[in-house]
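For reference, model_6.cif (mmCIF, C-alpha atoms):
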```cif
data_target
#
loop_
_atom_site.group_PDB
_atom_site.id
_atom_site.type_symbol
_atom_site.label_atom_id
_atom_site.label_comp_id
_atom_site.auth_asym_id
_atom_site.auth_seq_id
_atom_site.Cartn_x
_atom_site.Cartn_y
_atom_site.Cartn_z
ATOM 1 C CA MET A 1 -23.613 -4.526 -7.415
ATOM 2 C CA ASP A 2 -25.789 -1.549 -8.352
ATOM 3 C CA ASP A 3 -28.108 -2.409 -5.481
ATOM 4 C CA VAL A 4 -25.153 -2.740 -3.109
ATOM 5 C CA ALA A 5 -23.736 0.580 -4.269
ATOM 6 C CA ALA A 6 -27.066 2.321 -3.747
ATOM 7 C CA ASN A 7 -27.442 0.740 -0.328
ATOM 8 C CA TYR A 8 -24.003 1.896 0.780
ATOM 9 C CA ALA A 9 -24.359 5.346 -0.769
ATOM 10 C CA SER A 10 -27.266 6.086 1.520
ATOM 11 C CA ALA A 11 -24.942 5.956 4.532
ATOM 12 C CA PHE A 12 -21.366 6.171 3.256
ATOM 13 C CA ASP A 13 -21.177 9.045 0.787
ATOM 14 C CA GLY A 14 -18.373 11.195 2.232
ATOM 15 C CA HIS A 15 -15.064 12.032 0.609
ATOM 16 C CA LEU A 16 -11.576 13.022 1.698
ATOM 17 C CA ALA A 17 -9.615 15.905 0.205
ATOM 18 C CA PHE A 18 -6.174 15.345 -1.260
ATOM 19 C CA GLY A 19 -3.712 17.344 0.812
ATOM 20 C CA LYS A 20 -0.815 19.632 0.018
ATOM 21 C CA ARG A 21 2.028 17.373 1.116
ATOM 22 C CA PRO A 22 1.609 13.832 -0.241
ATOM 23 C CA ALA A 23 3.908 10.842 -0.031
ATOM 24 C CA VAL A 24 3.755 7.599 -1.990
ATOM 25 C CA LEU A 25 3.608 4.479 0.185
ATOM 26 C CA ILE A 26 4.425 1.229 -1.650
ATOM 27 C CA VAL A 27 3.317 -1.650 0.558
ATOM 28 C CA ASP A 28 5.236 -4.951 0.404
ATOM 29 C CA PHE A 29 5.746 -5.098 -3.358
ATOM 30 C CA VAL A 30 8.309 -7.885 -3.194
ATOM 31 C CA MET A 31 9.292 -10.982 -5.134
ATOM 32 C CA ALA A 32 7.156 -13.340 -3.019
ATOM 33 C CA TYR A 33 4.120 -12.124 -4.973
ATOM 34 C CA LEU A 34 5.861 -12.215 -8.369
ATOM 35 C CA GLU A 35 7.759 -15.504 -8.331
ATOM 36 C CA PRO A 36 5.473 -18.300 -9.638
ATOM 37 C CA THR A 37 7.030 -20.898 -7.324
ATOM 38 C CA SER A 38 6.281 -18.818 -4.213
ATOM 39 C CA PRO A 39 3.304 -19.841 -2.050
ATOM 40 C CA LEU A 40 2.267 -16.171 -2.092
ATOM 41 C CA TYR A 41 2.427 -15.745 -5.879
ATOM 42 C CA ALA A 42 -0.469 -13.513 -6.884
ATOM 43 C CA GLY A 43 -0.104 -12.795 -10.591
ATOM 44 C CA VAL A 44 0.227 -9.045 -10.033
ATOM 45 C CA GLU A 45 2.454 -8.116 -12.961
ATOM 46 C CA SER A 46 0.039 -5.423 -14.170
ATOM 47 C CA ALA A 47 0.087 -3.842 -10.704
ATOM 48 C CA LEU A 48 3.880 -3.854 -10.854
ATOM 49 C CA ALA A 49 3.757 -1.840 -14.077
ATOM 50 C CA SER A 50 1.409 0.676 -12.455
ATOM 51 C CA ASN A 51 3.780 1.026 -9.508
ATOM 52 C CA GLU A 52 6.697 1.591 -11.844
ATOM 53 C CA ARG A 53 4.865 4.482 -13.497
ATOM 54 C CA LEU A 54 3.767 6.048 -10.212
ATOM 55 C CA LEU A 55 7.250 5.712 -8.757
ATOM 56 C CA ALA A 56 8.745 7.460 -11.786
ATOM 57 C CA LEU A 57 6.206 10.264 -11.432
ATOM 58 C CA ALA A 58 6.899 10.639 -7.717
ATOM 59 C CA ARG A 59 10.604 10.971 -8.425
ATOM 60 C CA GLU A 60 9.917 13.537 -11.154
ATOM 61 C CA LEU A 61 7.714 15.585 -8.820
ATOM 62 C CA LYS A 62 10.058 15.103 -5.844
ATOM 63 C CA ILE A 63 7.314 13.502 -3.784
ATOM 64 C CA PRO A 64 8.663 11.420 -0.874
ATOM 65 C CA VAL A 65 8.513 7.663 -1.390
ATOM 66 C CA ILE A 66 8.221 5.060 1.353
ATOM 67 C CA PHE A 67 8.664 1.339 0.725
ATOM 68 C CA THR A 68 7.627 -1.352 3.176
ATOM 69 C CA ASN A 69 8.734 -4.939 3.385
ATOM 70 C CA VAL A 70 8.257 -7.805 5.832
ATOM 71 C CA VAL A 71 11.251 -9.268 7.659
ATOM 72 C CA TYR A 72 11.204 -11.989 10.329
ATOM 73 C CA GLU A 73 13.855 -13.424 12.555
ATOM 74 C CA PRO A 74 14.564 -17.147 12.024
ATOM 75 C CA GLY A 75 11.588 -19.140 13.219
ATOM 76 C CA GLY A 76 9.357 -16.069 13.075
ATOM 77 C CA ILE A 77 9.850 -15.309 16.764
ATOM 78 C CA ASN A 78 9.009 -11.634 16.140
ATOM 79 C CA GLY A 79 5.947 -12.462 14.035
ATOM 80 C CA GLY A 80 3.652 -13.505 16.848
ATOM 81 C CA LEU A 81 0.211 -14.858 16.039
ATOM 82 C CA PHE A 82 0.277 -13.403 12.528
ATOM 83 C CA TYR A 83 3.217 -15.651 11.632
ATOM 84 C CA ARG A 84 1.481 -18.648 13.202
ATOM 85 C CA LYS A 85 -1.779 -17.934 11.384
ATOM 86 C CA ILE A 86 -0.141 -17.736 7.935
ATOM 87 C CA PRO A 87 2.627 -20.335 7.519
ATOM 88 C CA ALA A 88 3.493 -18.906 4.091
ATOM 89 C CA LEU A 89 4.989 -15.878 5.864
ATOM 90 C CA GLN A 90 8.116 -17.956 6.357
ATOM 91 C CA VAL A 91 9.171 -16.701 2.923
ATOM 92 C CA PHE A 92 9.953 -13.407 4.661
ATOM 93 C CA VAL A 93 12.570 -14.756 7.062
ATOM 94 C CA ALA A 94 15.614 -12.486 6.865
ATOM 95 C CA GLY A 95 17.816 -13.290 3.888
ATOM 96 C CA SER A 96 15.107 -14.860 1.720
ATOM 97 C CA SER A 97 15.263 -13.828 -1.922
ATOM 98 C CA LEU A 98 11.457 -13.713 -1.953
ATOM 99 C CA GLY A 99 11.536 -10.773 0.430
ATOM 100 C CA ALA A 100 13.542 -8.654 -2.006
ATOM 101 C CA PHE A 101 12.116 -5.769 -4.000
ATOM 102 C CA PRO A 102 11.828 -6.479 -7.750
ATOM 103 C CA PRO A 103 14.588 -5.060 -9.963
ATOM 104 C CA SER A 104 12.248 -2.483 -11.515
ATOM 105 C CA LEU A 105 10.943 -1.224 -8.154
ATOM 106 C CA GLN A 106 13.995 -0.494 -6.073
ATOM 107 C CA PRO A 107 14.270 2.126 -3.320
ATOM 108 C CA ALA A 108 16.607 5.025 -4.019
ATOM 109 C CA ASP A 109 19.115 6.234 -1.446
ATOM 110 C CA ASP A 110 16.796 9.008 -0.282
ATOM 111 C CA ASP A 111 13.669 6.830 -0.050
ATOM 112 C CA ILE A 112 12.469 5.460 3.283
ATOM 113 C CA VAL A 113 12.240 1.709 3.852
ATOM 114 C CA ILE A 114 10.057 0.484 6.711
ATOM 115 C CA SER A 115 10.452 -3.162 7.720
ATOM 116 C CA LYS A 116 7.424 -4.584 9.491
ATOM 117 C CA GLN A 117 6.147 -7.840 10.946
ATOM 118 C CA TYR A 118 2.385 -7.348 10.818
ATOM 119 C CA ALA A 119 -0.196 -6.311 8.246
ATOM 120 C CA SER A 120 -0.276 -2.553 8.810
ATOM 121 C CA ALA A 121 2.751 -0.466 7.900
ATOM 122 C CA PHE A 122 2.009 1.549 11.052
ATOM 123 C CA PHE A 123 1.818 -1.271 13.589
ATOM 124 C CA GLY A 124 5.022 -1.601 15.594
ATOM 125 C CA THR A 125 6.959 0.781 13.325
ATOM 126 C CA GLY A 126 7.989 4.418 13.388
ATOM 127 C CA LEU A 127 6.051 5.298 10.234
ATOM 128 C CA ALA A 128 3.535 7.658 11.842
ATOM 129 C CA GLY A 129 6.219 9.681 13.589
ATOM 130 C CA THR A 130 8.308 9.843 10.425
ATOM 131 C CA LEU A 131 5.363 11.144 8.395
ATOM 132 C CA GLN A 132 4.543 13.707 11.058
ATOM 133 C CA ASP A 133 8.150 14.930 11.083
ATOM 134 C CA MET A 134 7.936 15.320 7.287
ATOM 135 C CA ALA A 135 4.606 17.202 7.578
ATOM 136 C CA ILE A 136 2.950 14.661 5.263
ATOM 137 C CA ASP A 137 -0.847 14.936 5.166
ATOM 138 C CA THR A 138 -1.769 12.466 2.397
ATOM 139 C CA LEU A 139 -0.638 8.974 1.418
ATOM 140 C CA VAL A 140 -0.898 7.584 -2.100
ATOM 141 C CA ILE A 141 -1.047 3.883 -1.228
ATOM 142 C CA THR A 142 -0.119 1.052 -3.568
ATOM 143 C CA GLY A 143 1.026 -2.519 -3.120
ATOM 144 C CA LEU A 144 0.066 -5.952 -1.907
ATOM 145 C CA SER A 145 -2.212 -7.418 -1.024
ATOM 146 C CA THR A 146 -5.384 -5.382 -1.333
ATOM 147 C CA SER A 147 -7.288 -7.453 1.214
ATOM 148 C CA GLY A 148 -4.365 -7.694 3.626
ATOM 149 C CA CYS A 149 -1.557 -5.231 4.148
ATOM 150 C CA VAL A 150 -2.940 -2.511 1.851
ATOM 151 C CA ARG A 151 -6.282 -2.509 3.626
ATOM 152 C CA ALA A 152 -4.704 -2.579 7.098
ATOM 153 C CA THR A 153 -2.311 0.223 6.171
ATOM 154 C CA ALA A 154 -5.037 2.419 4.668
ATOM 155 C CA LEU A 155 -7.193 2.006 7.764
ATOM 156 C CA ASP A 156 -4.325 2.912 10.077
ATOM 157 C CA ALA A 157 -3.388 5.864 7.865
ATOM 158 C CA LEU A 158 -6.883 7.236 8.362
ATOM 159 C CA GLN A 159 -6.726 6.625 12.101
ATOM 160 C CA HIS A 160 -3.372 8.414 12.334
ATOM 161 C CA GLY A 161 -4.666 11.439 10.431
ATOM 162 C CA PHE A 162 -3.141 10.869 6.987
ATOM 163 C CA ALA A 163 -5.657 10.907 4.131
ATOM 164 C CA PRO A 164 -5.340 7.543 2.353
ATOM 165 C CA PHE A 165 -5.708 7.470 -1.434
ATOM 166 C CA VAL A 166 -5.536 3.855 -2.626
ATOM 167 C CA VAL A 167 -4.644 3.408 -6.298
ATOM 168 C CA ARG A 168 -6.806 0.693 -7.843
ATOM 169 C CA GLU A 169 -4.486 -0.543 -10.603
ATOM 170 C CA ALA A 170 -1.394 -0.339 -8.395
ATOM 171 C CA CYS A 171 -2.747 -2.833 -5.830
ATOM 172 C CA GLY A 172 -3.290 -6.529 -6.287
ATOM 173 C CA ASP A 173 -4.543 -9.716 -4.694
ATOM 174 C CA ARG A 174 -4.645 -13.442 -5.358
ATOM 175 C CA HIS A 175 -8.136 -13.225 -6.884
ATOM 176 C CA PRO A 176 -10.261 -10.371 -8.303
ATOM 177 C CA ALA A 177 -13.078 -11.013 -5.808
ATOM 178 C CA PRO A 178 -11.244 -10.013 -2.589
ATOM 179 C CA HIS A 179 -9.461 -7.245 -4.495
ATOM 180 C CA GLU A 180 -12.706 -5.637 -5.637
ATOM 181 C CA ALA A 181 -14.580 -6.280 -2.380
ATOM 182 C CA ASN A 182 -11.910 -4.608 -0.295
ATOM 183 C CA LEU A 183 -11.564 -1.644 -2.632
ATOM 184 C CA PHE A 184 -15.332 -1.203 -2.404
ATOM 185 C CA ASP A 185 -15.264 -1.256 1.388
ATOM 186 C CA LEU A 186 -12.231 1.010 1.627
ATOM 187 C CA GLN A 187 -13.940 3.598 -0.566
ATOM 188 C CA ALA A 188 -17.114 3.397 1.480
ATOM 189 C CA LYS A 189 -15.566 3.786 4.909
ATOM 190 C CA TYR A 190 -11.859 4.435 5.170
ATOM 191 C CA ALA A 191 -10.177 5.838 2.058
ATOM 192 C CA GLU A 192 -10.471 7.309 -1.375
ATOM 193 C CA VAL A 193 -9.979 4.669 -4.074
ATOM 194 C CA VAL A 194 -8.766 6.275 -7.284
ATOM 195 C CA ASP A 195 -7.476 5.038 -10.606
ATOM 196 C CA GLU A 196 -3.892 5.616 -11.691
ATOM 197 C CA VAL A 197 -4.726 8.549 -13.961
ATOM 198 C CA LYS A 198 -6.613 10.304 -11.162
ATOM 199 C CA ALA A 199 -3.800 9.647 -8.699
ATOM 200 C CA ALA A 200 -1.240 11.095 -11.096
ATOM 201 C CA GLY A 201 -3.346 14.202 -11.627
ATOM 202 C CA LEU A 202 -3.763 14.738 -7.890
ATOM 203 C CA MET A 203 -0.037 14.345 -7.310
ATOM 204 C CA LYS A 204 0.786 16.849 -10.055
ATOM 205 C CA ALA A 205 -1.760 19.347 -8.776
ATOM 206 C CA ALA A 206 -0.481 19.104 -5.199
ATOM 207 C CA MET A 207 3.119 19.657 -6.194
ATOM 208 C CA GLY A 208 2.151 22.444 -8.585
ATOM 209 C CA ASN A 209 0.805 24.316 -5.572
ATOM 210 C CA HIS A 210 4.309 24.292 -4.076
ATOM 211 C CA LYS A 211 5.779 26.342 -6.899
#
```

What is this structure when it is put down as structure tokens?
Amino acid sequence: MDDVAANYASAFDGHLAFGKRPAVLIVDFVMAYLEPTSPLYAGVESALASNERLLALARELKIPVIFTNVVYEPGGINGGLFYRKIPALQVFVAGSSLGAFPPSLQPADDDIVISKQYASAFFGTGLAGTLQDMAIDTLVITGLSTSGCVRATALDALQHGFAPFVVREACGDRHPAPHEANLFDLQAKYAEVVDEVKAAGLMKAAMGNHK
């Protein structure tokens, strides 16, 4: 890995600045990844705990919070090729208990919930326009899975002009290998990957500037 890091550093050594108006974006942290009988179970309980702490901090600092979930019509008619490619997505048909947010990570009345059908939280949704209306310049991104919807969302955040800061401990995947590989690639090319302590410090500093 040291050789890989050195190789990448020679070409991908830039960094993004944390902005003045952040929002926390919690991607698809739902029961399908926490229920052991689910085909999408990922063993991400430690990531859930990290999200709980970051959510509490966001509420304390009055930082906007956006949740995403995945919802399909019966038969997945609005899921297109993505739904056909991954049969396990049927757990997200409207009304499924596996599509629910866990009890400890529930949206508040003033949070935003974006329901989507594809990997990116931006694709086919009004998220970009909503963030622009709120004058958000930075997204603290958490959720599931690192190699799927988190990666796609971070890439689209960058392409829409919102600096993506992906929180390492607050994301998860089915196996450490894709988790680490995608965090490595995101840091190299598309985002800033930070640990939870760093993310919390950046959030506090940004909101301190508003006083």

Using all atoms of segment 191-194 of chain A that appear in the file, construct an axis-aligned enclosing box with 3 Å of padding on every side and provide its centre coordinates and edge lengths in Å, rounded to one decimal, as lines of an AutoDock Vina configuration file.
```
center_x = -9.6
center_y = 6.0
center_z = -2.6
size_x = 7.7
size_y = 8.6
size_z = 15.3
```

Report task. Go through A:Ala128, A:Leu144, A:Leu25, A:Ile66 and flag the residue nearest Leu40 of chain A, using all atoms listed in the file for the distances. Result -> A:Leu144

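Nearest to Glu73 of chain A of all the residues A:Ala206, A:Leu89, A:Ala58, A:Ala135 is A:Leu89, based on all atoms listed in the file.
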
Query - Shell around Tyr118 of chain A at 9 Å using all atoms listed in the file, local window under 6 positions removed, as an NGL selection string - result: :A and (70 or 79-80 or 82-83 or 124 or 149)

Query - Distance query segment 10-18 of chain A at most 12 Å, all atoms listed in the file, self and fewer than 3 positions along chain excluded, as a count of residues only - result: 41

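Considering only C-alpha atoms, the residue among A:Val24, A:Leu155, A:Val197, A:Leu98 positioned nearest to Glu169 of chain A is A:Val197.
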